[in-house]
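*Asks:* Supplied in structure tokens, the structure appears directly below.
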Amino acid sequence: MLTTQRKSLILDILSRDGQVIAKRVAEEFSLSEDTIRRDLREMAAEGLLKRVHGGALPIAPALPDFSARREVASQAKQKLGAKAAGMIQPGQMIFLDGGTTTAEVARQLPTGFGVTIVTHSPTIASELEHHPTAEVILIGGRLYKHSMVATGAVAMAAISQLRPDIFFLGVTAAHPVHGLSTGDFEEAAIKRHIASCAAETHVLLTEEKLDRVSACHVLPIADISGLIVATDRPTALVPYRDLNVAIREA
């Protein structure tokens, strides 16, 4: 079998099963595992999949810039924002991660009671400019422009002084085995730090982020309090229901 044929069949398996197990594919093709692993390494270098121990997973697609992402899955993000906003109680301190999905939480924040919103994203803070009862704390630091969030030591130090009731976390990918991930090392570190300071961490996910893996690990799913997911396929959530986290469907 030619290398190009093998790689095409590997992509078919990845699309069908959502994963590739090197040993199983080697047996199916009557080839050595070393050959399949070499194929997977080459395909990972070409950006076709994400190598993991024992095989490969679908790679999370590269995200467009922040402005372009505002238009992606906007209806699903609105549902997620409404679901998350409905969890907020009077007097709480809420940390909103950067991103277009958490911006919907800010837009749908209740106005009938006082709440403190902490964010390291100037774009999220600006969404609350005219909110009548929200106190806003904006964390500063080195600006990561792709996601419009502050990162680095200054941001870490300021966040360490806070104990939010809920952190609404945004990621680029979620997988039941490989956990939550994003595309930037420094951004992943700041997300972990915020989660370590918060009483609860809930992750907002649109359907295309499920069963994907990005380059930089954030947290295992078992380490968070819950997932808030917008999906038309309830069966897609089955692998996540055994991970001891609350799952809310938007």
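Ordered as shown in the structure tokens, chains take letters A, B, and onward, while each chain numbers its residues from 1 and ligands are numbered from 1 in the order shown.
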Could you give me the residues within segment 14-161 of chain A that DSSP places in strand (DSSP E or B), as a ChimeraX atom specification?
*Replies:* /A:20-21,50-52,55-57,59,93-96,115-119,134-138,142-144,149-151
*Asks:* Only N, CA, C and O atoms, please: the residues just picked out, written as a short mmCIF file (atom, residue, chain, number, x, y, z; two decimals), in the first residue's frame.
*Replies:*
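This is the output file again_26.cif:
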data_model
loop_
_atom_site.label_atom_id
_atom_site.label_comp_id
_atom_site.auth_asym_id
_atom_site.auth_seq_id
_atom_site.Cartn_x
_atom_site.Cartn_y
_atom_site.Cartn_z
N VAL A 20 -7.62 7.77 16.10
CA VAL A 20 -6.85 6.71 15.43
C VAL A 20 -5.98 6.04 16.49
O VAL A 20 -5.24 6.71 17.20
N ILE A 21 -6.10 4.73 16.62
CA ILE A 21 -5.26 3.95 17.53
C ILE A 21 -4.23 3.22 16.69
O ILE A 21 -4.58 2.37 15.86
N LYS A 50 -3.73 15.58 15.31
CA LYS A 50 -2.96 15.84 16.53
C LYS A 50 -2.45 14.53 17.09
O LYS A 50 -3.23 13.64 17.42
N ARG A 51 -1.12 14.37 17.16
CA ARG A 51 -0.53 13.17 17.72
C ARG A 51 -0.74 13.12 19.22
O ARG A 51 -0.52 14.10 19.93
N VAL A 52 -1.15 11.97 19.73
CA VAL A 52 -1.23 11.72 21.16
C VAL A 52 -0.63 10.35 21.41
O VAL A 52 -0.35 9.59 20.46
N GLY A 55 -1.64 7.09 19.34
CA GLY A 55 -2.41 7.33 18.13
C GLY A 55 -2.55 8.80 17.80
O GLY A 55 -1.60 9.56 17.91
N ALA A 56 -3.77 9.19 17.40
CA ALA A 56 -4.01 10.57 16.97
C ALA A 56 -5.47 10.95 17.17
O ALA A 56 -6.35 10.09 17.24
N LEU A 57 -5.70 12.27 17.23
CA LEU A 57 -7.04 12.83 17.40
C LEU A 57 -7.24 13.95 16.38
O LEU A 57 -6.27 14.49 15.83
N ILE A 59 -7.58 17.58 15.07
CA ILE A 59 -7.00 18.82 15.57
C ILE A 59 -8.04 19.92 15.53
O ILE A 59 -8.87 19.98 14.62
N MET A 93 -18.94 37.39 42.84
CA MET A 93 -17.83 37.84 42.00
C MET A 93 -17.64 36.82 40.90
O MET A 93 -17.43 35.63 41.17
N ILE A 94 -17.74 37.26 39.66
CA ILE A 94 -17.67 36.39 38.49
C ILE A 94 -16.46 36.78 37.65
O ILE A 94 -16.27 37.96 37.34
N PHE A 95 -15.64 35.81 37.29
CA PHE A 95 -14.52 36.07 36.40
C PHE A 95 -14.90 35.61 35.00
O PHE A 95 -15.22 34.45 34.79
N LEU A 96 -14.87 36.54 34.05
CA LEU A 96 -15.17 36.22 32.66
C LEU A 96 -13.88 36.14 31.86
O LEU A 96 -13.13 37.11 31.78
N VAL A 115 -23.52 42.80 41.04
CA VAL A 115 -22.57 41.71 40.82
C VAL A 115 -21.23 42.33 40.47
O VAL A 115 -21.16 43.42 39.90
N THR A 116 -20.14 41.65 40.83
CA THR A 116 -18.81 42.13 40.47
C THR A 116 -18.27 41.24 39.36
O THR A 116 -18.21 40.02 39.50
N ILE A 117 -17.89 41.87 38.26
CA ILE A 117 -17.32 41.14 37.13
C ILE A 117 -15.83 41.45 37.04
O ILE A 117 -15.42 42.61 36.94
N VAL A 118 -15.03 40.40 37.10
CA VAL A 118 -13.59 40.52 36.91
C VAL A 118 -13.25 39.95 35.54
O VAL A 118 -13.79 38.91 35.14
N THR A 119 -12.37 40.61 34.81
CA THR A 119 -11.94 40.10 33.52
C THR A 119 -10.55 40.60 33.20
O THR A 119 -10.14 41.67 33.67
N ALA A 134 -23.38 46.43 37.54
CA ALA A 134 -22.17 45.60 37.56
C ALA A 134 -20.96 46.45 37.92
O ALA A 134 -20.68 47.46 37.28
N GLU A 135 -20.25 46.01 38.96
CA GLU A 135 -18.94 46.58 39.27
C GLU A 135 -17.91 45.81 38.45
O GLU A 135 -17.93 44.58 38.41
N VAL A 136 -17.02 46.52 37.76
CA VAL A 136 -16.08 45.87 36.85
C VAL A 136 -14.65 46.05 37.34
O VAL A 136 -14.22 47.18 37.62
N ILE A 137 -13.92 44.94 37.44
CA ILE A 137 -12.49 44.96 37.75
C ILE A 137 -11.75 44.46 36.53
O ILE A 137 -11.94 43.31 36.10
N LEU A 138 -10.90 45.30 35.95
CA LEU A 138 -10.15 44.93 34.76
C LEU A 138 -8.70 44.64 35.13
O LEU A 138 -8.00 45.49 35.67
N ARG A 142 0.39 41.95 29.93
CA ARG A 142 0.81 41.90 28.52
C ARG A 142 -0.39 41.45 27.69
O ARG A 142 -0.98 40.40 27.94
N LEU A 143 -0.75 42.23 26.65
CA LEU A 143 -1.94 41.94 25.86
C LEU A 143 -1.64 40.89 24.79
O LEU A 143 -0.79 41.10 23.91
N TYR A 144 -2.33 39.77 24.88
CA TYR A 144 -2.29 38.76 23.82
C TYR A 144 -3.40 39.12 22.83
O TYR A 144 -4.58 38.90 23.08
N VAL A 149 -6.68 39.36 25.60
CA VAL A 149 -6.61 39.14 27.04
C VAL A 149 -5.22 39.50 27.55
O VAL A 149 -4.23 39.40 26.82
N ALA A 150 -5.16 39.89 28.83
CA ALA A 150 -3.88 40.16 29.47
C ALA A 150 -3.27 38.87 29.98
O ALA A 150 -3.97 38.02 30.54
N THR A 151 -1.97 38.72 29.79
CA THR A 151 -1.25 37.55 30.28
C THR A 151 0.00 38.03 31.02
O THR A 151 0.25 39.22 31.14
#
*Asks:* Write out as a PDB file with N, CA and C atoms, in the first residue's frame each polymer residue whose atoms come within 8 Å of Ile221 of chain A, counting only C-alpha atoms; drop sequence neighbours fewer than 4 positions from it.
*Replies:*
ATOM      1  N   PRO A 176     -12.796  14.156  26.130  1.00  0.00           N
ATOM      2  CA  PRO A 176     -13.047  13.457  27.396  1.00  0.00           C
ATOM      3  C   PRO A 176     -11.806  12.830  28.021  1.00  0.00           C
ATOM      4  N   GLY A 179      -8.742  16.273  27.848  1.00  0.00           N
ATOM      5  CA  GLY A 179      -9.091  17.468  28.597  1.00  0.00           C
ATOM      6  C   GLY A 179      -9.320  18.703  27.759  1.00  0.00           C
ATOM      7  N   LEU A 180      -9.119  19.851  28.408  1.00  0.00           N
ATOM      8  CA  LEU A 180      -9.377  21.160  27.811  1.00  0.00           C
ATOM      9  C   LEU A 180      -8.069  21.757  27.309  1.00  0.00           C
ATOM     10  N   LEU A 243     -17.567  11.867  33.731  1.00  0.00           N
ATOM     11  CA  LEU A 243     -16.367  12.554  34.220  1.00  0.00           C
ATOM     12  C   LEU A 243     -16.616  13.351  35.494  1.00  0.00           C
ATOM     13  N   VAL A 245     -18.644  15.788  36.263  1.00  0.00           N
ATOM     14  CA  VAL A 245     -18.871  17.232  36.150  1.00  0.00           C
ATOM     15  C   VAL A 245     -20.334  17.446  35.733  1.00  0.00           C
TER      16      VAL A 245
END
*Asks:* Pick the closest to Ala174 of chain A from A:Lys145, A:His130, A:Lys209, A:Lys77: which is it, counting only C-alpha atoms?
*Replies:*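 Among the listed residues, A:Lys209 lies closest to Ala174 of chain A.
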*Asks:* Of the candidates A:Ala155, A:Leu80, A:Leu14, A:Leu40, which one gets nearest to Glu207 of chain A if we count only C-alpha atoms?
*Replies:*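 So, comparing all the options, the nearest one is A:Leu80.
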*Asks:* Which residues are close to Ala195 of chain A, i.e. within 12 Å by only C-alpha atoms, leaving aside same-chain residues fewer than 6 positions away? Reply as an MDAnalysis selection string.
*Replies:* chainID A and resid 94:97 156 159:160 162:170 188:189 201:203 218:221 223:225
*Asks:* Name the residues of segment 3-180 of chain A that fall into alpha helix (DSSP H) according to DSSP on the backbone, using the chain letters and numbers of this document, as a ChimeraX atom specification.
*Replies:* /A:3-17,22-29,33-45,66-69,74-85,100-107,122-127,153-160
*Asks:* For atom CA of Met1 of chain A and atom CA of Glu27 of chain A, quote the distance in Å rounded to one decimal.
*Replies:*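 Atom CA of Met1 of chain A sits 13.8 Å away from atom CA of Glu27 of chain A.
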